[in-house]
Structures are given as C-alpha cells and as structure tokens.
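> Here's a structure for you.
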Amino acid sequence: MTQPVYVGLDMGASRTKVAVVDRHGALLGHAVKKSGIDFAATAALCLDASLELAGAGRNDIVEAVATGYGRNNVAFVTSKSKTEIGCHAKGCHYLYAEAITIIDIGGQDNKIIKLDADGRRESFKMNRKCAAGTGAFLEEMSSRLDIPLDEMNNLARQATETIKLGSYCTVFSATEVLENIRHGKPVADIIKGIFYSMIKRVLEMDSITGKVVLSGGVVAHNPYLVEMTEELIGRPVLLPAFPQLTGAHGAALYALEATEAQASDAGED
Amino acid sequence: MAEDKQPQRKKIQATGQMMKIMSDYFYDLNDAGQSATRKVAWCTSVGPAELLRAMGFAVHFPENHAAMLGATRMATELIPEANAIGYSPDICSYLTADIGAYLKGVSPLAKAYSGIEAPPRPDVLVYNTNQCRDVQDWFNWYAREFGVPCIGITSPKNFTDVTEILVDDVTRQLEALIPTLEEVAGEKLDMQRLRETVALSRECTELWRQVLETAAATPAPLTFFDGTIHMGPAVVLRGTPQAVDYYRVLLAELEQRITGQVAAVEGEKHRIYWEGMPVWGRLRQHSELFSELQTSVLVSTYCSSWIFPDFDANDPLRSMAKAYLALFIVRSDAYKEEYIKQMLKKFHIDGIIYHDAKTCPCNSNSRYGMPQRLEQATGIPSLVISGDLNDLRCVSDEQTRTNVEAFIEQLEERS
C-alpha cells in the first residue's frame, strides 16, 4: 500500500467527477468526464484516472462515498452515499471555513446552500423542475446557435450590449434568441444575454447573503459568469481552484470522516 | 444517504375493516344510482354532507374519486382529456382527472369493486367553495352534462376569526339550499334526522381527531401516509354510524401501539409535519423514502382538515356553517401560522415539509412567505418540494428524493 486514500464520486447527470484525498482531506487526484449512458463505466474510468494522478491504486482506497444523480450506480466502489447538497457544503466549507452562501450551477440543477461558520447547513434551495439557469440551458443555446460551448465564454466577453431574455422557459428563451438573430443583433451580444439570463435565474432562487462561493462545472468552464455574478451582487465572490470538484471533494471528505468515526468507535469499544 | 436499510412499514390491522365499510359504501352508492326511488347527491368533501344525508340522499364525493384516480396512477393519462375540452393543465388536477375519467368512461371503482362501472349519476350537485373555486366549475360541468341542478355555498375566504357575521352568511346560504334539495329528494327536511346526522358527524370527527393525535406519542404509532388512507371514512361516511364504529376500532389499535411503544417507522429519529396535499400517485414511494431515513412524517394539515369540533346537534345548521368556515384552507395566513405553530409543539416536530402542488394553489401554503415566517418564529427548518396531487407530469422523483435526503441530513447536523 502506498498511502491510504479516500474517494468521492460525484455522478452528475451531465458530468462525473471523482476526487481522491489523503488522510488530511487534501486533494491528491481528480478526474472529470461526461457521464454518458453507462454511469458505472464512466465512474470506473474517472476513478482510475484520479487514483493514477494521486499515485494510488484501488487497493489503497480506505473508504469511498458517492453523490449525485447516479450515486446508486457505483456499487462496485461503494454503497455509501450523501446528497450533492451535503457534499458541496462539505467541500466548500473545507476550502472556506466560515459562514458562506454557496451557489452551485450544475448541468441539470442549481443549488443555493447557506452554511454557518461551523459548516452546518442553515438552508438550501434547488431549482424547480426547470432548466432555467442550469448548464442544460447553455447547452441548448449552444446547439441552437451552432456555436461550441467552449467558444461561448470568449464571445460573451466581446459583447458591447446585453440583450435581455425575459423567459423562465428554455424553449421560449430560444425563441427570443432567434428573434434577436432575425433582427440582426450581434451574436456576442446575444451570448452575453444568454449568460446574463442564466445567472439572473440562479440568483433569483434565494436571497444572496454574506460571503458567496461559486461552484459547479458551468462556472469552471465559463469564468465570465463569475465576473457577471460579482457585478450583479455588487461584491467579489470566492472561487475554488476546482469549482467543478467541490461535490466530489466533499464526498471524499465524508469518506474520511466515516473512517475517523469508525476508528473512534473502535477505540471506545 | 441511507445505507442498506430496508423500508419498514407497519400494517394497521384495522385496515381490513376499513376496506369492508368503504366497499359497502360504494356498493350502496351504486345501488342508489340504479334505483328508481333513491336519489344521489354529489357533494364536495367539506360541503353540506350532513344536510344531504339527513334528507336521504346517497352521497358521492368526487374528490374522493379523484384521489382514487391519483392513487391508482390513472390520473395522469386522463387529465389531457379534460385539457382538450378547455380545462387547463394548470387548474385543479382532481377536476381534470375526474372529468377526464368520465369522458374516457373509466373509473378506479370498476377495478376495485366488481359490478361497479362508474360513480352513480347525480340527481343534484352541491358544492362549498370553502376549498377553492375549482369545485364549483367542476360540479357545474357535470350539471350541464347531466342536466341536473348544481347549487352550493359561496364561502367567505381568508379571514382570521370565524365571526358571527360570517356564520350568519353561510347559515343563510345553507337554508337557501333546502327548497331545491327538498324538491329533488321529494321529501321535507326532518330536523330531528339532521340533528342525529350532525351528532354522528361530530362523533366521527372527534374520534378522527383522537386517532390523529395518537401521533403525538414518541415514537409515533401512525404516519401521514397511513392517515391519507384511513381518512376515507371521515370523508365519505361522516354522519353515519359505520364511520364512528370504525374509528373506535382504529383508535383502540393505535392506543395499543402507544402502550407497546410500537413505532409506525422503525427507529424513528426525526419527526416531520407535512403541509399540503399528498402526492397520491407516490404514497408508497414517499412512505418508503421516509421510512428508509428513519423519519416519521406523522402529522399534516391535510388529514387534520376533517376534524370539525363545531358540529352541534342542538344547533345543526348554524354549527354546520361554523364547521365549514373553521376549515384551515379557507382561513388567513395569520390563522394558519398560529395553527401550525401549535401543531409543531403538540407533535414535537423537528422539520416541516411543504408540498407545493402545481395545480392546487389553495393547498400550497409555501407561496406567500409562510415557510420563512414560521421558520423565523419557531426555529424549525423547512423544505419546499414541488409536485402535484394527481398530475405526475409535475413530479420529479429524483428531485424529491435529493431534496428530502438533503433535508434529513440537515436535521441530523442539528441534532
């Protein structure tokens, strides 16, 4: 055995993320892949890639915890699971050990989670059954405009105006986008409008109080959204080095905590 | 979050007896519909059933039928039938499911009770808008369809106190129903019979209150999910001796459970108040979800809505008016919040779940800031889940599960 490691698997509807931490909770390895249609196979690929980065093997895993929509599809690694809300909270509190409001923008859902200084959840909210403000919204718009997702961030920066999209509904928003194209509006302005609409829908979910941490794959790939958030809430936000990994990292921290609790119980016995 | 836990759901022994009296009720209703002499009235669930029973009507409750459509998961396929004739998917999914079932010629009664094809044809429809306006639209549609009278009470709404002026208003409206009902029934209202019916209703709902209050014990001997099933007689048989007899049996069983410390949810760790309608098509799944989490959803506004302490045999019409006005759903938020606060204390609750039912605004109390106000006042955290009573197109099982599990994690962090 090289060193004991603890694994968190965040099986999101859009992307699978795996984090490997040491016995202090520090991130040793990680991997992200499209979840696809075979969650278990994707999880295995991510697991091995992140273990390799950590210089560890499957035998070094002391404990693992899964989270996300596909959390029950990784029985070959673990049957232990926590909700993604709990894991994002745990991961973000590890990085910022103070009272924080976490805004997590994922592929299929958004969350606003409020933590006290000890990392305990005071409240949380998830978006309703609607793509407004999620990564799925951006994906749909990228497809409608026939512009690759990874080009949208830079195009939005080139905008000179923000076109407002008023609808909650992704389909209606797409109609608004088409209307703007018909009127000859610059594509950059439309994309900035799409970003603006998206972040507005997220910020409307709850009151945004105190220090704000942004997490999730959408901000990881679109840093312009971070600047837009700061502009809209009127203060700087905290951005983890790996915003997409906070859920997986939190799951790994739960795995570590479970091991410590077991050890402590064994000691008492 | 739960690991290797199997749902533990304890069966209530009295269920067999309940099934029997419900079966007798539906067969009697069916007989009345086929009889040349008996009359059938359709009534809203907190409409003037006592008056109808006292006048000899067999009483059908379309809301009960709609809930059965939901529980049997027939509703979602039927709702579009009503949508197609102009009843929006955004309005009451009881209404749309029930009218859809009629249009399609199907009924859960046909599956459950051999020989019954559908609810009986009405001779009169009687509503009370204390629940919502939709019941009036719902009943009027059938009145046009069958060419029979549709009469009812237009209830005051959003008041805090049940004042004498309001009681006068509803009493007058009740009195105004009588001539039409007498004409349809072909007989005069017998006040003595009305007194007896009101007395039975009072007794039934008093026993139902005692049944629900057994859940104040720790561990709770019954859950909200049990309540949604066992409230059947309180809804469709109040005013009859059968309902009274049944609740005596059920109460005795639950009291025995308390004595034996028998929990409805094995290893009960958390105690939840459910605010809003059940998701009828997900009763079993939700019951199992909470059981897996060792969480007892043990009390609700919904099941408690069929407790009517105001019924008084000495003053039947006026006390009926009072009872129908005292209903939770028709009151102001100020009243509702005070009521819920008392319930939280009485039942030792540590979390509230609000079901925001897409098509039932009147039963969705999370839309005007109540969760935030109550949380601030009591310190008890809350969760709002989006869903619907009958339209499963509005339900996301995965979102519900994640939200509920995360909420229980939150409660665990606090304990």
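In the structure tokens, the first chain shown is A, the next is B, and so on; residue numbers restart at 1 for each chain, and ligands run from 1 in the order shown.
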Distance cut-off 7 Å, counting only C-alpha atoms - which residues of chain A neighbour chain B? Return them as a list in words.

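Result, ordered by chain then number: Ser79, Lys80, Ser81, Lys82, Thr83, Ile85, Gly86, Arg120, Arg121, Arg128 and Lys129 of chain A.
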
> Write the residues you've just listed into a file as a compact mmCIF listing (two decimals), in the first residue's frame, and include C-alpha atoms for each of them.


```txt
# COMPACT_ATOMS: atom_id res chain seq x y z
CA SER A 79 -22.81 1.69 -1.29
CA LYS A 80 -22.36 4.76 0.89
CA SER A 81 -23.89 7.94 -0.39
CA LYS A 82 -24.64 11.51 0.59
CA THR A 83 -26.67 14.09 -1.26
CA ILE A 85 -26.16 19.33 -1.36
CA GLY A 86 -24.34 17.87 1.64
CA ARG A 120 -23.75 23.31 9.24
CA ARG A 121 -26.50 23.86 6.72
CA ARG A 128 -37.57 23.61 -9.59
CA LYS A 129 -38.16 21.15 -12.42
```

> If we count only C-alpha atoms, what is near A:Tyr6 at a cut-off of 8 Å, once residues fewer than 6 positions away on the same chain are taken out, given as a list in words?

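Non-adjacent residues within range: Val20, Val21, Asp22, Arg23, Ile61, Val62, Glu63, Ala64, Ala252, Leu253, Ala255 and Leu256 of chain A.
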
> Would you put the residues from that selection into a file with N, CA and C atoms, as a PDB file, in the first residue's frame?


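The resulting file, selection_21.pdb, is reproduced below:
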```
ATOM      1  N   VAL A  20      -9.869  12.301  -5.078  1.00  0.00           N
ATOM      2  CA  VAL A  20      -9.131  11.417  -4.162  1.00  0.00           C
ATOM      3  C   VAL A  20      -8.394  12.311  -3.170  1.00  0.00           C
ATOM      4  N   VAL A  21      -8.584  12.049  -1.888  1.00  0.00           N
ATOM      5  CA  VAL A  21      -7.922  12.893  -0.873  1.00  0.00           C
ATOM      6  C   VAL A  21      -7.063  12.019   0.057  1.00  0.00           C
ATOM      7  N   ASP A  22      -6.144  12.701   0.742  1.00  0.00           N
ATOM      8  CA  ASP A  22      -5.315  11.986   1.719  1.00  0.00           C
ATOM      9  C   ASP A  22      -5.989  12.042   3.088  1.00  0.00           C
ATOM     10  N   ARG A  23      -5.300  11.551   4.113  1.00  0.00           N
ATOM     11  CA  ARG A  23      -5.951  11.461   5.421  1.00  0.00           C
ATOM     12  C   ARG A  23      -6.145  12.829   6.082  1.00  0.00           C
ATOM     13  N   ILE A  61      -7.698   2.410  -1.467  1.00  0.00           N
ATOM     14  CA  ILE A  61      -8.921   3.118  -1.041  1.00  0.00           C
ATOM     15  C   ILE A  61      -9.370   2.573   0.319  1.00  0.00           C
ATOM     16  N   VAL A  62      -9.423   3.468   1.285  1.00  0.00           N
ATOM     17  CA  VAL A  62      -9.897   3.075   2.620  1.00  0.00           C
ATOM     18  C   VAL A  62     -11.425   3.153   2.655  1.00  0.00           C
ATOM     19  N   GLU A  63     -11.929   4.202   2.072  1.00  0.00           N
ATOM     20  CA  GLU A  63     -13.380   4.413   2.093  1.00  0.00           C
ATOM     21  C   GLU A  63     -13.768   5.288   0.915  1.00  0.00           C
ATOM     22  N   ALA A  64     -14.993   5.119   0.440  1.00  0.00           N
ATOM     23  CA  ALA A  64     -15.495   5.952  -0.657  1.00  0.00           C
ATOM     24  C   ALA A  64     -16.952   6.305  -0.397  1.00  0.00           C
ATOM     25  N   ALA A 252     -15.506  12.837  -0.738  1.00  0.00           N
ATOM     26  CA  ALA A 252     -14.269  12.211  -0.238  1.00  0.00           C
ATOM     27  C   ALA A 252     -14.049  12.575   1.235  1.00  0.00           C
ATOM     28  N   LEU A 253     -14.397  13.810   1.580  1.00  0.00           N
ATOM     29  CA  LEU A 253     -14.238  14.227   2.986  1.00  0.00           C
ATOM     30  C   LEU A 253     -15.215  13.461   3.886  1.00  0.00           C
ATOM     31  N   ALA A 255     -16.094  10.432   3.286  1.00  0.00           N
ATOM     32  CA  ALA A 255     -15.480   9.098   3.389  1.00  0.00           C
ATOM     33  C   ALA A 255     -14.418   9.106   4.493  1.00  0.00           C
ATOM     34  N   LEU A 256     -13.634  10.166   4.499  1.00  0.00           N
ATOM     35  CA  LEU A 256     -12.586  10.302   5.522  1.00  0.00           C
ATOM     36  C   LEU A 256     -13.218  10.388   6.921  1.00  0.00           C
TER      37      LEU A 256
END
```

> Pull the strand (DSSP E or B) assignments for stretch 35-261 of chain A out of DSSP run on the backbone, and list those residues as a VMD selection string.

chain A and resid 61 to 67 81 100 to 105 110 to 115 121 to 126 211 to 215 238

> Could those residues be written to a file, using N, CA and C atoms, as a JSON list (two decimals), in the first residue's frame?


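Here's the written file result26.json:
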```json
[["chain", "number", "residue", "atom", "x", "y", "z"],
["A", 61, "ILE", "N", -7.70, 2.41, -1.47],
["A", 61, "ILE", "CA", -8.92, 3.12, -1.04],
["A", 61, "ILE", "C", -9.37, 2.57, 0.32],
["A", 62, "VAL", "N", -9.42, 3.47, 1.28],
["A", 62, "VAL", "CA", -9.90, 3.07, 2.62],
["A", 62, "VAL", "C", -11.42, 3.15, 2.66],
["A", 63, "GLU", "N", -11.93, 4.20, 2.07],
["A", 63, "GLU", "CA", -13.38, 4.41, 2.09],
["A", 63, "GLU", "C", -13.77, 5.29, 0.92],
["A", 64, "ALA", "N", -14.99, 5.12, 0.44],
["A", 64, "ALA", "CA", -15.50, 5.95, -0.66],
["A", 64, "ALA", "C", -16.95, 6.31, -0.40],
["A", 65, "VAL", "N", -17.33, 7.48, -0.86],
["A", 65, "VAL", "CA", -18.73, 7.92, -0.75],
["A", 65, "VAL", "C", -19.14, 8.47, -2.11],
["A", 66, "ALA", "N", -20.35, 8.13, -2.51],
["A", 66, "ALA", "CA", -20.87, 8.60, -3.80],
["A", 66, "ALA", "C", -21.93, 9.68, -3.60],
["A", 67, "THR", "N", -22.07, 10.52, -4.60],
["A", 67, "THR", "CA", -23.11, 11.55, -4.55],
["A", 67, "THR", "C", -23.61, 11.80, -5.97],
["A", 81, "SER", "N", -23.62, 6.73, 0.40],
["A", 81, "SER", "CA", -23.89, 7.94, -0.39],
["A", 81, "SER", "C", -24.34, 9.09, 0.50],
["A", 100, "ILE", "N", -20.82, 30.86, 4.83],
["A", 100, "ILE", "CA", -20.82, 31.15, 3.39],
["A", 100, "ILE", "C", -22.18, 30.81, 2.75],
["A", 101, "THR", "N", -22.40, 31.45, 1.61],
["A", 101, "THR", "CA", -23.53, 31.07, 0.76],
["A", 101, "THR", "C", -22.94, 30.46, -0.50],
["A", 102, "ILE", "N", -23.27, 29.20, -0.76],
["A", 102, "ILE", "CA", -22.72, 28.51, -1.93],
["A", 102, "ILE", "C", -23.74, 28.59, -3.07],
["A", 103, "ILE", "N", -23.26, 29.02, -4.21],
["A", 103, "ILE", "CA", -24.11, 28.97, -5.41],
["A", 103, "ILE", "C", -23.49, 27.94, -6.33],
["A", 104, "ASP", "N", -24.16, 26.83, -6.49],
["A", 104, "ASP", "CA", -23.64, 25.75, -7.33],
["A", 104, "ASP", "C", -24.47, 25.68, -8.60],
["A", 105, "ILE", "N", -23.79, 25.81, -9.72],
["A", 105, "ILE", "CA", -24.50, 25.74, -11.01],
["A", 105, "ILE", "C", -24.06, 24.48, -11.73],
["A", 110, "ASN", "N", -29.44, 23.62, -10.08],
["A", 110, "ASN", "CA", -28.70, 24.64, -9.33],
["A", 110, "ASN", "C", -29.06, 24.52, -7.88],
["A", 111, "LYS", "N", -28.13, 24.97, -7.04],
["A", 111, "LYS", "CA", -28.41, 24.95, -5.61],
["A", 111, "LYS", "C", -27.88, 26.22, -4.98],
["A", 112, "ILE", "N", -28.61, 26.69, -4.00],
["A", 112, "ILE", "CA", -28.08, 27.75, -3.15],
["A", 112, "ILE", "C", -28.10, 27.19, -1.74],
["A", 113, "ILE", "N", -26.91, 27.10, -1.14],
["A", 113, "ILE", "CA", -26.78, 26.44, 0.16],
["A", 113, "ILE", "C", -26.16, 27.43, 1.12],
["A", 114, "LYS", "N", -26.81, 27.62, 2.26],
["A", 114, "LYS", "CA", -26.27, 28.56, 3.25],
["A", 114, "LYS", "C", -25.70, 27.79, 4.43],
["A", 115, "LEU", "N", -24.45, 28.09, 4.77],
["A", 115, "LEU", "CA", -23.78, 27.40, 5.87],
["A", 115, "LEU", "C", -23.43, 28.37, 6.98],
["A", 121, "ARG", "N", -25.56, 23.25, 7.64],
["A", 121, "ARG", "CA", -26.50, 23.86, 6.72],
["A", 121, "ARG", "C", -27.59, 24.62, 7.46],
["A", 122, "GLU", "N", -27.78, 25.87, 7.08],
["A", 122, "GLU", "CA", -28.91, 26.62, 7.64],
["A", 122, "GLU", "C", -30.12, 26.45, 6.74],
["A", 123, "SER", "N", -29.87, 26.40, 5.45],
["A", 123, "SER", "CA", -30.97, 26.19, 4.49],
["A", 123, "SER", "C", -30.37, 25.84, 3.14],
["A", 124, "PHE", "N", -31.20, 25.30, 2.28],
["A", 124, "PHE", "CA", -30.77, 25.08, 0.89],
["A", 124, "PHE", "C", -31.97, 25.18, -0.02],
["A", 125, "LYS", "N", -31.69, 25.51, -1.24],
["A", 125, "LYS", "CA", -32.76, 25.53, -2.24],
["A", 125, "LYS", "C", -32.22, 24.95, -3.54],
["A", 126, "MET", "N", -33.03, 24.14, -4.17],
["A", 126, "MET", "CA", -32.70, 23.66, -5.51],
["A", 126, "MET", "C", -33.66, 24.29, -6.49],
["A", 211, "LYS", "N", -20.73, 36.02, 2.51],
["A", 211, "LYS", "CA", -19.71, 35.66, 1.53],
["A", 211, "LYS", "C", -20.23, 34.58, 0.59],
["A", 212, "VAL", "N", -19.95, 34.76, -0.69],
["A", 212, "VAL", "CA", -20.51, 33.85, -1.69],
["A", 212, "VAL", "C", -19.40, 33.01, -2.31],
["A", 213, "VAL", "N", -19.63, 31.71, -2.37],
["A", 213, "VAL", "CA", -18.72, 30.79, -3.07],
["A", 213, "VAL", "C", -19.45, 30.27, -4.30],
["A", 214, "LEU", "N", -18.79, 30.32, -5.43],
["A", 214, "LEU", "CA", -19.38, 29.76, -6.65],
["A", 214, "LEU", "C", -18.78, 28.40, -6.92],
["A", 215, "SER", "N", -19.61, 27.44, -7.28],
["A", 215, "SER", "CA", -19.07, 26.13, -7.62],
["A", 215, "SER", "C", -19.86, 25.54, -8.79],
["A", 238, "LEU", "N", -15.97, 34.14, -3.93],
["A", 238, "LEU", "CA", -14.86, 33.21, -3.75],
["A", 238, "LEU", "C", -15.01, 32.10, -4.79]]
```

> Rounded to one decimal in Å, what is the spacing between atom CA of A:Met228 and atom CA of A:Gly91?

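So the answer is 23.6 Å.
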
> Just the residues within 12 Å of B:Thr163, please, counting only C-alpha atoms, with nothing from its chain fewer than 3 positions along; format it as a PyMOL selection string.

chain B and resi 156+159-160+166-170+321-322+325-326+331

> Select from stretch 91-311 of chain B everything DSSP, run on the backbone, classes as helix (DSSP H, G or I), then give the selection as a PyMOL selection string.

chain B and resi 93-104+108-112+134-146+164-185+191-216+224-230+232-236+241-259+280-292+301-304

> Just the residues within 10 Å of A:Tyr94, please, counting only C-alpha atoms, with nothing from its chain fewer than 5 positions along; format it as a ChimeraX atom specification.

/A:25-26,88-89,119,246,249-250,253

> Please produce a file of the residues just selected, as a PDB file, in the first residue's frame, where the atoms kept are N, CA and C atoms.


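Generated output (out33.pdb):
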```pdb
ATOM      1  N   GLY A  25      -7.473  15.266   4.102  1.00  0.00           N
ATOM      2  CA  GLY A  25      -8.528  15.846   3.267  1.00  0.00           C
ATOM      3  C   GLY A  25      -8.003  16.597   2.055  1.00  0.00           C
ATOM      4  N   ALA A  26      -6.692  16.643   1.907  1.00  0.00           N
ATOM      5  CA  ALA A  26      -6.133  17.397   0.778  1.00  0.00           C
ATOM      6  C   ALA A  26      -6.328  16.609  -0.518  1.00  0.00           C
ATOM      7  N   HIS A  88     -21.450  19.325  -1.572  1.00  0.00           N
ATOM      8  CA  HIS A  88     -20.965  20.660  -1.945  1.00  0.00           C
ATOM      9  C   HIS A  88     -20.713  21.490  -0.687  1.00  0.00           C
ATOM     10  N   ALA A  89     -21.599  21.338   0.280  1.00  0.00           N
ATOM     11  CA  ALA A  89     -21.421  22.081   1.533  1.00  0.00           C
ATOM     12  C   ALA A  89     -20.116  21.660   2.212  1.00  0.00           C
ATOM     13  N   GLY A 119     -19.991  25.149   9.341  1.00  0.00           N
ATOM     14  CA  GLY A 119     -20.252  24.315   8.162  1.00  0.00           C
ATOM     15  C   GLY A 119     -21.594  23.621   8.187  1.00  0.00           C
ATOM     16  N   THR A 246     -16.046  20.458  -6.141  1.00  0.00           N
ATOM     17  CA  THR A 246     -16.359  20.626  -4.711  1.00  0.00           C
ATOM     18  C   THR A 246     -17.280  19.518  -4.188  1.00  0.00           C
ATOM     19  N   HIS A 249     -15.116  16.378  -3.902  1.00  0.00           N
ATOM     20  CA  HIS A 249     -14.199  16.591  -2.782  1.00  0.00           C
ATOM     21  C   HIS A 249     -14.953  16.421  -1.456  1.00  0.00           C
ATOM     22  N   GLY A 250     -16.150  16.986  -1.407  1.00  0.00           N
ATOM     23  CA  GLY A 250     -16.967  16.857  -0.193  1.00  0.00           C
ATOM     24  C   GLY A 250     -17.299  15.394   0.099  1.00  0.00           C
ATOM     25  N   LEU A 253     -14.397  13.810   1.580  1.00  0.00           N
ATOM     26  CA  LEU A 253     -14.238  14.227   2.986  1.00  0.00           C
ATOM     27  C   LEU A 253     -15.215  13.461   3.886  1.00  0.00           C
TER      28      LEU A 253
END
```

> Quick one: residues within 9 Å of stretch 135-149 of chain A, only C-alpha atoms counted, chain neighbours fewer than 5 positions away excluded, as number ranges by chain?

A: 14, 105-110, 170-171, 173-174, 177-178, 187, 191, 194-195, 198, 217-218, 221

> Grab the residues selected above and save them as an mmCIF file, in the first residue's frame with C-alpha atoms.


```cif
data_model
loop_
_atom_site.group_PDB
_atom_site.id
_atom_site.type_symbol
_atom_site.label_atom_id
_atom_site.label_comp_id
_atom_site.auth_asym_id
_atom_site.auth_seq_id
_atom_site.Cartn_x
_atom_site.Cartn_y
_atom_site.Cartn_z
ATOM 1 C CA SER A 14 -24.109 15.747 -17.063
ATOM 2 C CA ILE A 105 -24.504 25.742 -11.008
ATOM 3 C CA GLY A 106 -24.641 22.241 -12.401
ATOM 4 C CA GLY A 107 -25.578 20.645 -15.672
ATOM 5 C CA GLN A 108 -29.131 19.792 -14.633
ATOM 6 C CA ASP A 109 -29.743 21.715 -11.449
ATOM 7 C CA ASN A 110 -28.702 24.645 -9.334
ATOM 8 C CA THR A 170 -35.579 27.399 -22.137
ATOM 9 C CA VAL A 171 -37.759 26.852 -25.185
ATOM 10 C CA SER A 173 -35.745 31.795 -24.423
ATOM 11 C CA ALA A 174 -34.586 30.035 -27.568
ATOM 12 C CA VAL A 177 -32.716 34.294 -29.222
ATOM 13 C CA LEU A 178 -33.998 33.511 -32.709
ATOM 14 C CA VAL A 187 -24.011 37.129 -31.788
ATOM 15 C CA ILE A 191 -24.493 35.204 -25.938
ATOM 16 C CA ILE A 194 -27.835 34.215 -22.535
ATOM 17 C CA PHE A 195 -25.226 34.298 -19.748
ATOM 18 C CA MET A 198 -28.855 32.302 -16.821
ATOM 19 C CA GLY A 217 -18.940 22.909 -13.871
ATOM 20 C CA VAL A 218 -20.651 25.858 -15.521
ATOM 21 C CA HIS A 221 -15.809 26.500 -17.893
#
```

> Quick one: of B:Met191, B:Met277, B:Ile85, B:Ala67, who's nearest to B:Cys360, counting only C-alpha atoms?

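Smallest distance to B:Cys360 is found for B:Met277.
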
> List the spatial neighbours of B:Leu251 as a list in words - criterion: any atom at most 8 Å away, only C-alpha atoms, same-chain residues fewer than 5 positions off excluded.

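Counting only C-alpha atoms, the residues come to Leu207, Gln210 and Val211 of chain B.
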
> For the selection you just gave me, I'd like the residues written to a file as a compact mmCIF listing (two decimals), in the first residue's frame, keeping C-alpha atoms.


```txt
# COMPACT_ATOMS: atom_id res chain seq x y z
CA LEU B 207 -62.70 10.10 17.05
CA GLN B 210 -58.12 11.29 18.68
CA VAL B 211 -56.75 8.91 16.05
```
